[in-house]
file start22.txt (compact mmCIF, C-alpha atoms)
# COMPACT_ATOMS: atom_id res chain seq x y z
CA MET A 1 -32.99 38.28 -62.37
CA LYS A 2 -33.21 37.87 -58.60
CA THR A 3 -30.65 36.09 -56.40
CA SER A 4 -32.05 34.01 -53.58
CA PRO A 5 -30.99 34.66 -49.97
CA ALA A 6 -29.49 31.14 -49.84
CA ALA A 7 -27.36 31.83 -52.91
CA LEU A 8 -26.19 35.12 -51.43
CA ALA A 9 -25.25 33.39 -48.19
CA ALA A 10 -23.35 30.70 -50.07
CA SER A 11 -21.49 33.31 -52.11
CA ALA A 12 -20.58 35.21 -48.98
CA PHE A 13 -19.28 32.03 -47.35
CA LEU A 14 -17.16 31.11 -50.35
CA ALA A 15 -15.77 34.61 -50.60
CA SER A 16 -14.86 34.65 -46.92
CA ALA A 17 -13.23 31.19 -46.90
CA PRO A 18 -9.78 32.35 -48.06
CA PHE A 19 -9.83 35.11 -45.46
CA ALA A 20 -10.82 32.64 -42.73
CA GLN A 21 -8.00 30.36 -43.84
CA ALA A 22 -5.55 33.27 -43.79
CA ALA A 23 -6.71 34.22 -40.29
CA CYS A 24 -5.69 30.73 -39.16
CA SER A 25 -2.22 30.97 -40.67
CA ASN A 26 -0.63 31.57 -37.27
CA VAL A 27 -1.01 28.56 -34.97
CA GLN A 28 -0.11 28.91 -31.31
CA LEU A 29 0.66 25.70 -29.41
CA ALA A 30 1.91 25.28 -25.84
CA GLN A 31 3.71 22.59 -23.86
CA PRO A 32 4.75 22.48 -20.18
CA GLY A 33 8.45 21.69 -20.63
CA TRP A 34 7.97 17.93 -20.64
CA THR A 35 9.95 16.09 -23.28
CA ASP A 36 6.99 14.02 -24.48
CA THR A 37 4.85 17.08 -25.20
CA ALA A 38 7.87 18.95 -26.59
CA LEU A 39 8.28 16.08 -29.07
CA THR A 40 4.62 15.75 -30.07
CA SER A 41 4.20 19.52 -30.30
CA GLY A 42 7.37 19.59 -32.40
CA ILE A 43 5.90 17.00 -34.78
CA ALA A 44 2.78 19.15 -35.13
CA GLN A 45 4.90 22.23 -35.72
CA VAL A 46 6.95 20.55 -38.45
CA LEU A 47 3.82 19.38 -40.27
CA LEU A 48 2.06 22.74 -39.97
CA GLU A 49 5.08 24.58 -41.33
CA GLN A 50 5.26 22.19 -44.27
CA LEU A 51 1.62 23.05 -44.97
CA GLY A 52 2.41 26.76 -45.07
CA TYR A 53 1.38 27.75 -41.56
CA ASP A 54 3.42 29.79 -39.10
CA ALA A 55 3.41 27.56 -36.02
CA GLU A 56 4.91 28.43 -32.65
CA VAL A 57 5.24 26.34 -29.49
CA ASP A 58 5.53 28.19 -26.17
CA MET A 59 6.74 26.52 -22.97
CA LEU A 60 4.34 27.45 -20.17
CA SER A 61 3.33 25.96 -16.83
CA ILE A 62 0.18 23.85 -16.92
CA PRO A 63 -2.03 26.44 -15.15
CA ILE A 64 -0.81 29.15 -17.53
CA ILE A 65 -1.48 26.92 -20.56
CA TYR A 66 -5.11 26.60 -19.53
CA GLU A 67 -5.47 30.27 -18.69
CA SER A 68 -3.92 31.16 -22.05
CA MET A 69 -6.30 28.84 -23.90
CA ALA A 70 -9.25 30.34 -22.06
CA SER A 71 -8.10 33.84 -23.09
CA GLN A 72 -7.53 32.57 -26.67
CA GLU A 73 -3.80 33.30 -26.62
CA VAL A 74 -3.05 29.58 -27.14
CA ASP A 75 -4.93 27.54 -29.72
CA ALA A 76 -4.10 23.93 -28.86
CA PHE A 77 -2.42 21.68 -26.30
CA LEU A 78 -1.38 18.09 -27.10
CA GLY A 79 -0.54 17.01 -23.55
CA PHE A 80 -3.66 16.57 -21.41
CA TRP A 81 -2.92 13.49 -19.28
CA ASP A 82 -6.15 11.95 -18.03
CA PRO A 83 -6.74 11.42 -15.11
CA ALA A 84 -3.53 12.91 -13.67
CA MET A 85 -4.32 16.43 -14.92
CA THR A 86 -8.08 16.50 -14.40
CA LYS A 87 -7.83 18.92 -11.49
CA TYR A 88 -6.07 21.47 -13.70
CA TYR A 89 -8.60 21.07 -16.48
CA ALA A 90 -11.79 20.90 -14.36
CA PRO A 91 -12.69 24.63 -14.17
CA PHE A 92 -12.00 25.16 -17.87
CA LYS A 93 -14.05 22.11 -18.79
CA GLU A 94 -16.88 23.40 -16.65
CA ASP A 95 -16.98 26.83 -18.28
CA GLY A 96 -16.40 25.39 -21.77
CA SER A 97 -13.36 27.55 -22.53
CA VAL A 98 -11.17 24.49 -23.28
CA VAL A 99 -12.43 21.36 -25.03
CA THR A 100 -10.94 17.89 -25.38
CA VAL A 101 -11.11 16.80 -29.02
CA SER A 102 -9.19 13.53 -29.38
CA GLN A 103 -7.00 10.93 -27.71
CA ASN A 104 -3.47 10.93 -29.08
CA LEU A 105 -1.81 8.29 -26.87
CA GLN A 106 -2.78 5.29 -24.78
CA GLY A 107 -0.66 3.11 -22.49
CA ALA A 108 0.87 5.99 -20.55
CA LYS A 109 1.47 6.06 -16.78
CA TYR A 110 2.40 8.75 -14.29
CA THR A 111 3.14 8.39 -10.56
CA TRP A 112 5.97 8.19 -8.01
CA ALA A 113 8.93 5.93 -8.62
CA VAL A 114 12.10 4.77 -6.91
CA PRO A 115 15.30 3.02 -8.02
CA SER A 116 14.95 -0.76 -8.00
CA TYR A 117 17.37 -1.15 -5.09
CA VAL A 118 15.06 1.03 -2.98
CA TYR A 119 12.07 -1.06 -4.04
CA GLU A 120 13.92 -4.26 -3.17
CA ALA A 121 14.66 -2.79 0.27
CA GLY A 122 10.92 -2.67 0.95
CA VAL A 123 9.54 0.58 -0.48
CA HIS A 124 6.67 -0.66 -2.65
CA ASP A 125 3.91 1.81 -1.80
CA PHE A 126 3.45 5.50 -0.95
CA ALA A 127 2.75 4.33 2.61
CA ASP A 128 6.23 2.79 2.88
CA ILE A 129 8.14 6.01 2.29
CA ALA A 130 7.85 7.77 5.66
CA ALA A 131 9.52 4.91 7.53
CA HIS A 132 12.72 5.72 5.63
CA GLU A 133 12.77 9.48 6.13
CA ASP A 134 16.52 9.60 6.83
CA GLU A 135 17.40 7.66 3.69
CA PHE A 136 15.18 9.93 1.58
CA ASP A 137 16.30 13.10 3.41
CA HIS A 138 12.65 14.16 3.77
CA LYS A 139 12.46 15.03 0.07
CA LEU A 140 10.12 14.24 -2.83
CA TYR A 141 11.41 15.21 -6.27
CA GLY A 142 8.96 16.70 -8.75
CA LEU A 143 8.88 18.86 -11.86
CA SER A 144 8.66 22.60 -12.44
CA PRO A 145 6.47 24.78 -10.19
CA GLY A 146 2.84 24.47 -11.24
CA SER A 147 3.27 20.82 -12.29
CA ASN A 148 3.32 19.22 -8.84
CA ASP A 149 -0.14 19.80 -7.42
CA SER A 150 -0.82 16.06 -7.18
CA MET A 151 2.48 15.43 -5.40
CA ILE A 152 1.83 18.29 -3.00
CA ALA A 153 -1.73 17.10 -2.38
CA ALA A 154 -0.50 13.57 -1.59
CA ARG A 155 2.09 14.98 0.80
CA ASP A 156 -0.41 17.27 2.53
CA SER A 157 -3.20 14.68 2.72
CA GLY A 158 -1.91 13.17 5.97
CA ASP A 159 -2.37 9.70 4.46
CA PHE A 160 1.33 8.86 4.24
CA GLY A 161 3.07 10.68 7.11
CA LEU A 162 4.87 13.03 4.73
CA ASP A 163 3.41 16.33 5.96
CA ASP A 164 6.78 17.88 6.82
CA TRP A 165 8.61 16.65 3.70
CA ASP A 166 9.87 19.01 1.02
CA VAL A 167 8.69 18.81 -2.57
CA VAL A 168 11.76 19.73 -4.60
CA GLU A 169 10.54 21.52 -7.73
CA SER A 170 12.79 21.52 -10.76
CA SER A 171 12.74 21.10 -14.52
CA GLU A 172 12.34 17.64 -15.98
CA GLN A 173 16.04 17.63 -16.87
CA GLY A 174 16.97 18.88 -13.40
CA MET A 175 14.93 16.18 -11.69
CA LEU A 176 16.39 13.43 -13.85
CA ALA A 177 19.92 14.74 -13.28
CA GLN A 178 19.27 14.46 -9.54
CA VAL A 179 18.00 10.89 -10.00
CA ALA A 180 21.13 10.03 -11.99
CA ARG A 181 23.39 11.45 -9.25
CA GLU A 182 21.63 9.55 -6.49
CA VAL A 183 21.57 6.28 -8.46
CA LYS A 184 25.28 6.59 -9.21
CA ARG A 185 25.97 6.91 -5.47
CA GLY A 186 23.47 4.23 -4.49
CA LYS A 187 21.43 6.78 -2.52
CA TRP A 188 17.68 6.74 -1.99
CA ILE A 189 15.32 9.00 -3.92
CA VAL A 190 11.59 9.10 -4.68
CA PHE A 191 10.63 11.02 -7.79
CA LEU A 192 7.89 11.57 -10.34
CA GLY A 193 8.15 8.93 -13.06
CA TRP A 194 6.15 8.39 -16.21
CA ALA A 195 5.97 6.55 -19.50
CA PRO A 196 6.56 7.13 -22.31
CA HIS A 197 10.02 8.37 -21.38
CA PRO A 198 13.60 7.09 -21.85
CA MET A 199 14.03 7.16 -18.06
CA ASN A 200 12.35 3.75 -18.07
CA THR A 201 15.33 2.25 -19.89
CA ARG A 202 18.01 4.62 -18.58
CA PHE A 203 17.29 3.75 -14.94
CA ASP A 204 16.46 0.45 -13.27
CA MET A 205 13.36 1.83 -11.57
CA ARG A 206 10.03 0.72 -10.14
CA TYR A 207 6.69 2.49 -9.80
CA LEU A 208 4.95 2.64 -6.42
CA THR A 209 1.39 1.64 -5.57
CA GLY A 210 -0.79 3.71 -3.25
CA GLY A 211 -1.26 6.85 -5.31
CA ASP A 212 -4.64 6.03 -6.87
CA ASP A 213 -6.45 8.94 -5.19
CA PHE A 214 -3.95 11.42 -6.60
CA TYR A 215 -2.74 9.95 -9.90
CA GLY A 216 -5.37 7.36 -10.76
CA PRO A 217 -5.27 3.54 -10.72
CA ASN A 218 -2.77 1.27 -12.44
CA PHE A 219 0.26 3.39 -11.51
CA GLY A 220 -1.41 6.53 -12.79
CA GLY A 221 -2.41 4.73 -15.96
CA ALA A 222 -3.31 7.44 -18.41
CA THR A 223 -4.41 8.39 -21.84
CA VAL A 224 -3.13 11.60 -23.40
CA HIS A 225 -5.44 13.94 -25.27
CA THR A 226 -5.42 16.91 -27.62
CA GLN A 227 -7.34 19.98 -26.47
CA PHE A 228 -8.41 23.19 -28.22
CA ARG A 229 -9.53 26.56 -27.02
CA LYS A 230 -13.28 26.99 -27.38
CA GLY A 231 -14.38 27.29 -31.01
CA TYR A 232 -10.96 26.73 -32.56
CA ASP A 233 -11.91 23.72 -34.68
CA ALA A 234 -14.84 25.68 -36.13
CA GLU A 235 -12.71 28.76 -36.80
CA CYS A 236 -9.77 26.83 -38.25
CA PRO A 237 -11.13 23.47 -39.40
CA ASN A 238 -8.11 22.46 -41.49
CA VAL A 239 -5.65 22.86 -38.60
CA GLY A 240 -8.21 21.36 -36.25
CA LYS A 241 -8.55 18.31 -38.49
CA LEU A 242 -4.80 17.75 -38.59
CA LEU A 243 -4.24 18.12 -34.85
CA SER A 244 -7.26 16.01 -33.91
CA GLN A 245 -6.11 13.18 -36.23
CA MET A 246 -2.58 12.94 -34.85
CA ARG A 247 -1.95 9.72 -32.93
CA PHE A 248 1.30 8.54 -31.33
CA THR A 249 2.61 5.34 -29.74
CA VAL A 250 4.57 4.81 -26.53
CA GLU A 251 7.44 3.25 -28.49
CA MET A 252 7.53 6.16 -30.96
CA GLU A 253 7.67 8.68 -28.14
CA ASN A 254 10.29 6.75 -26.16
CA ILE A 255 12.57 6.79 -29.21
CA GLY A 256 11.92 10.44 -30.04
CA MET A 257 12.43 11.56 -26.47
CA GLY A 258 15.69 9.66 -26.43
CA TYR A 259 16.85 11.68 -29.43
CA ILE A 260 16.26 14.84 -27.40
CA LEU A 261 17.51 13.74 -23.99
CA ASP A 262 20.29 11.31 -24.89
CA ASP A 263 21.46 12.48 -28.31
CA GLY A 264 21.08 16.20 -27.74
CA MET A 265 18.80 16.85 -30.72
CA SER A 266 16.50 19.86 -30.76
CA GLU A 267 12.78 19.16 -30.49
CA LEU A 268 12.29 19.98 -34.18
CA ASP A 269 15.20 17.81 -35.36
CA ALA A 270 13.90 14.92 -33.26
CA ALA A 271 10.41 15.51 -34.65
CA ARG A 272 11.67 15.42 -38.24
CA ARG A 273 13.53 12.18 -37.59
CA ILE A 274 10.48 10.57 -35.99
CA ILE A 275 8.33 11.61 -38.97
CA ASP A 276 10.94 10.14 -41.31
CA GLU A 277 11.01 6.85 -39.36
CA ASN A 278 7.21 6.66 -39.14
CA ALA A 279 6.21 8.06 -42.54
CA GLN A 280 3.34 5.57 -42.76
CA MET A 281 1.61 7.58 -39.99
CA LEU A 282 1.26 10.54 -42.34
CA ASP A 283 -1.62 8.89 -44.23
CA GLY A 284 -3.84 9.00 -41.15
CA TRP A 285 -2.59 12.32 -39.81
CA LEU A 286 -3.11 14.15 -43.10
CA GLU A 287 -6.28 12.50 -44.39
CA GLY A 288 -8.60 15.21 -45.70
CA VAL A 289 -6.13 17.95 -44.75
CA THR A 290 -4.86 20.61 -47.18
CA THR A 291 -2.03 23.07 -47.32
CA LEU A 292 -2.77 26.66 -46.36
CA ASP A 293 -3.45 27.47 -50.03
CA GLY A 294 -5.78 24.48 -50.49
CA ALA A 295 -3.54 21.82 -52.10
CA PRO A 296 -3.59 18.20 -50.87
CA ALA A 297 -1.45 17.93 -47.73
CA LEU A 298 0.14 14.48 -48.09
CA PRO A 299 2.17 15.01 -51.27
CA ALA A 300 3.19 18.50 -50.12
CA VAL A 301 4.54 17.21 -46.82
CA LYS A 302 6.31 14.25 -48.40
CA GLU A 303 7.95 16.46 -50.98
CA GLY A 304 8.90 19.09 -48.40
CA LEU A 305 10.49 16.55 -46.06
CA GLY A 306 12.06 14.47 -48.81
CA LEU A 307 10.07 11.34 -47.98

call {"tool": "encode", "arguments": {"input": "start22.txt", "output": "structure tokens"}}
result
Amino acid sequence: MKTSPAALAASAFLASAPFAQAACSNVQLAQPGWTDTALTSGIAQVLLEQLGYDAEVDMLSIPIIYESMASQEVDAFLGFWDPAMTKYYAPFKEDGSVVTVSQNLQGAKYTWAVPSYVYEAGVHDFADIAAHEDEFDHKLYGLSPGSNDSMIAARDSGDFGLDDWDVVESSEQGMLAQVAREVKRGKWIVFLGWAPHPMNTRFDMRYLTGGDDFYGPNFGGATVHTQFRKGYDAECPNVGKLLSQMRFTVEMENIGMGYILDDGMSELDAARRIIDENAQMLDGWLEGVTTLDGAPALPAVKEGLGL
């Protein structure tokens, strides 16, 4: 009795499937130290661990995230802000080493901001800043090194008379602590602002016009996307399906980020609470997904998290 080549191929595929699944049991995510991506990556990590995977989230600068995805040391990134981060992504998009697979958030924005009392004093646009160099102490406040290319490009462009200003690079928490100090004293400061983020309710702040060439129109209006290293969704389709189906809302992220920044929760504790408060989202996130050993994902996650 002869076995056809097609049957042999099918048998080989079925025999290799458990090994392929096992090879995907370690999932490497990365985030750049921003609270929004720490939260969303934390949500992914919680779900993956409930499904039996060993998931890890590394904090890396944006250029290193892309280099690590290209070298296949990082599997996925949930924080590609389009268009603000297109310059970072461009070479990796061109060579195909990193692919964008889904949009996970809409309604975001990302550009320079000032306290409302500075806005009311006449600073409405990037072009208004240089006239108040003494009040601003020749400083623009950004995020960690490697995250401020757009701010540096705007400064160096010559368009706004800011060529000799300093870009103060710090962590997200460090930048916001500086904003809080200056607001408390009624001092002037221009800083990188974005939504979703609790800063929008913590501070009375306004976003500036004029940055379209560097951050995109509509105050850096953005969508946020999930990206994989080349071939990851084919190698690990179950994990790929979960991560590509995850969608978030601005309100959800504002609340979850508040748990981290205002209430002092860890990223994973905040993620668990957000999942608990938005359990209806699990249906869409886990549709067609299984545990590592092949059981339906939804009941396993609900049971594991006590939902």

call {"tool": "closest_residue", "arguments": {"input": "start22.txt", "among": "A:Gly211, A:Pro296, A:Gly79, A:Gly288", "to": "Lys241 of chain A", "atoms": "all atoms listed in the file"}}
result
A:Gly288

call {"tool": "residues_around", "arguments": {"input": "start22.txt", "residues": "Thr35 of chain A", "least_positions_apart": "5", "cutoff": "8 Å", "atoms": "all atoms listed in the file", "output": "compact mmCIF listing (two decimals) with C-alpha atoms, in the frame of the given file"}}
result
# COMPACT_ATOMS: atom_id res chain seq x y z
CA GLU A 172 12.34 17.64 -15.98
CA HIS A 197 10.02 8.37 -21.38
CA MET A 257 12.43 11.56 -26.47
CA ILE A 260 16.26 14.84 -27.40
CA LEU A 261 17.51 13.74 -23.99

call {"tool": "residues_around", "arguments": {"input": "start22.txt", "residues": "Ile64 of chain A", "least_positions_apart": "2", "cutoff": "12 Å", "atoms": "only C-alpha atoms", "output": "list in words"}}
result
Ala30, Gln31, Pro32, Asp58, Met59, Leu60, Ser61, Ile62, Tyr66, Glu67, Ser68, Met69, Ala70, Ser71, Gln72, Glu73, Val74, Phe77, Tyr88, Tyr89, Phe92, Pro145, Gly146 and Ser147 of chain A

call {"tool": "write_last_selection", "arguments": {"input": "start22.txt", "atoms": "C-alpha atoms", "output": "compact mmCIF listing (two decimals), in the coordinates of the input"}}
result
# COMPACT_ATOMS: atom_id res chain seq x y z
CA ALA A 30 1.91 25.28 -25.84
CA GLN A 31 3.71 22.59 -23.86
CA PRO A 32 4.75 22.48 -20.18
CA ASP A 58 5.53 28.19 -26.17
CA MET A 59 6.74 26.52 -22.97
CA LEU A 60 4.34 27.45 -20.17
CA SER A 61 3.33 25.96 -16.83
CA ILE A 62 0.18 23.85 -16.92
CA TYR A 66 -5.11 26.60 -19.53
CA GLU A 67 -5.47 30.27 -18.69
CA SER A 68 -3.92 31.16 -22.05
CA MET A 69 -6.30 28.84 -23.90
CA ALA A 70 -9.25 30.34 -22.06
CA SER A 71 -8.10 33.84 -23.09
CA GLN A 72 -7.53 32.57 -26.67
CA GLU A 73 -3.80 33.30 -26.62
CA VAL A 74 -3.05 29.58 -27.14
CA PHE A 77 -2.42 21.68 -26.30
CA TYR A 88 -6.07 21.47 -13.70
CA TYR A 89 -8.60 21.07 -16.48
CA PHE A 92 -12.00 25.16 -17.87
CA PRO A 145 6.47 24.78 -10.19
CA GLY A 146 2.84 24.47 -11.24
CA SER A 147 3.27 20.82 -12.29

call {"tool": "axis_aligned_box", "arguments": {"input": "start22.txt", "around": "segment 292-306 of chain A", "padding_each_side": "8 Å", "output": "AutoDock Vina command-line options"}}
result
--center_x 3.1 --center_y 20.9 --center_z -49.1 --size_x 33.8 --size_y 29.2 --size_z 22.0

call {"tool": "closest_residue", "arguments": {"input": "start22.txt", "among": "A:Tyr110, A:Tyr141, A:Tyr232, A:Phe219", "to": "Asp125 of chain A", "atoms": "all atoms listed in the file"}}
result
A:Phe219

call {"tool": "atom_distance", "arguments": {"input": "start22.txt", "atom1": "atom CA of Val224 of chain A", "atom2": "atom CA of Ile65 of chain A"}}
result
15.7 Å

call {"tool": "residues_around", "arguments": {"input": "start22.txt", "residues": "His225 of chain A", "least_positions_apart": "4", "cutoff": "10 Å", "atoms": "all atoms listed in the file", "output": "PyMOL selection string"}}
result
chain A and resi 77-82+100-106+244+247

call {"tool": "residues_around", "arguments": {"input": "start22.txt", "residues": "Asn26 of chain A", "least_positions_apart": "3", "cutoff": "7 Å", "atoms": "only C-alpha atoms", "output": "JSON, numbers by chain"}}
result
{"A": [53, 54, 55]}

call {"tool": "atom_distance", "arguments": {"input": "start22.txt", "atom1": "atom CA of Ala154 of chain A", "atom2": "atom CA of Ala121 of chain A"}}
result
22.4 Å

call {"tool": "residues_around", "arguments": {"input": "start22.txt", "residues": "Asp75 of chain A", "least_positions_apart": "2", "cutoff": "6 Å", "atoms": "all atoms listed in the file", "output": "MDAnalysis selection string"}}
result
chainID A and resid 28:29 228:229

call {"tool": "write_last_selection", "arguments": {"input": "start22.txt", "atoms": "C-alpha atoms", "output": "PDB file, in the frame of the given file"}}
result
ATOM      1  CA  GLN A  28      -0.110  28.910 -31.310  1.00  0.00           C
ATOM      2  CA  LEU A  29       0.660  25.700 -29.410  1.00  0.00           C
ATOM      3  CA  PHE A 228      -8.410  23.190 -28.220  1.00  0.00           C
ATOM      4  CA  ARG A 229      -9.530  26.560 -27.020  1.00  0.00           C
TER       5      ARG A 229
END

call {"tool": "atom_distance", "arguments": {"input": "start22.txt", "atom1": "atom CA of Ala131 of chain A", "atom2": "atom CA of Gly161 of chain A"}}
result
8.7 Å

call {"tool": "residues_near_point", "arguments": {"input": "start22.txt", "point": "(8.2, 1.6, -34.0)", "cutoff": "12 Å", "atoms": "all atoms listed in the file", "output": "JSON, numbers by chain"}}
result
{"A": [248, 249, 250, 251, 252, 253, 254, 255, 256, 274, 275, 276, 277, 278, 279, 280, 281]}
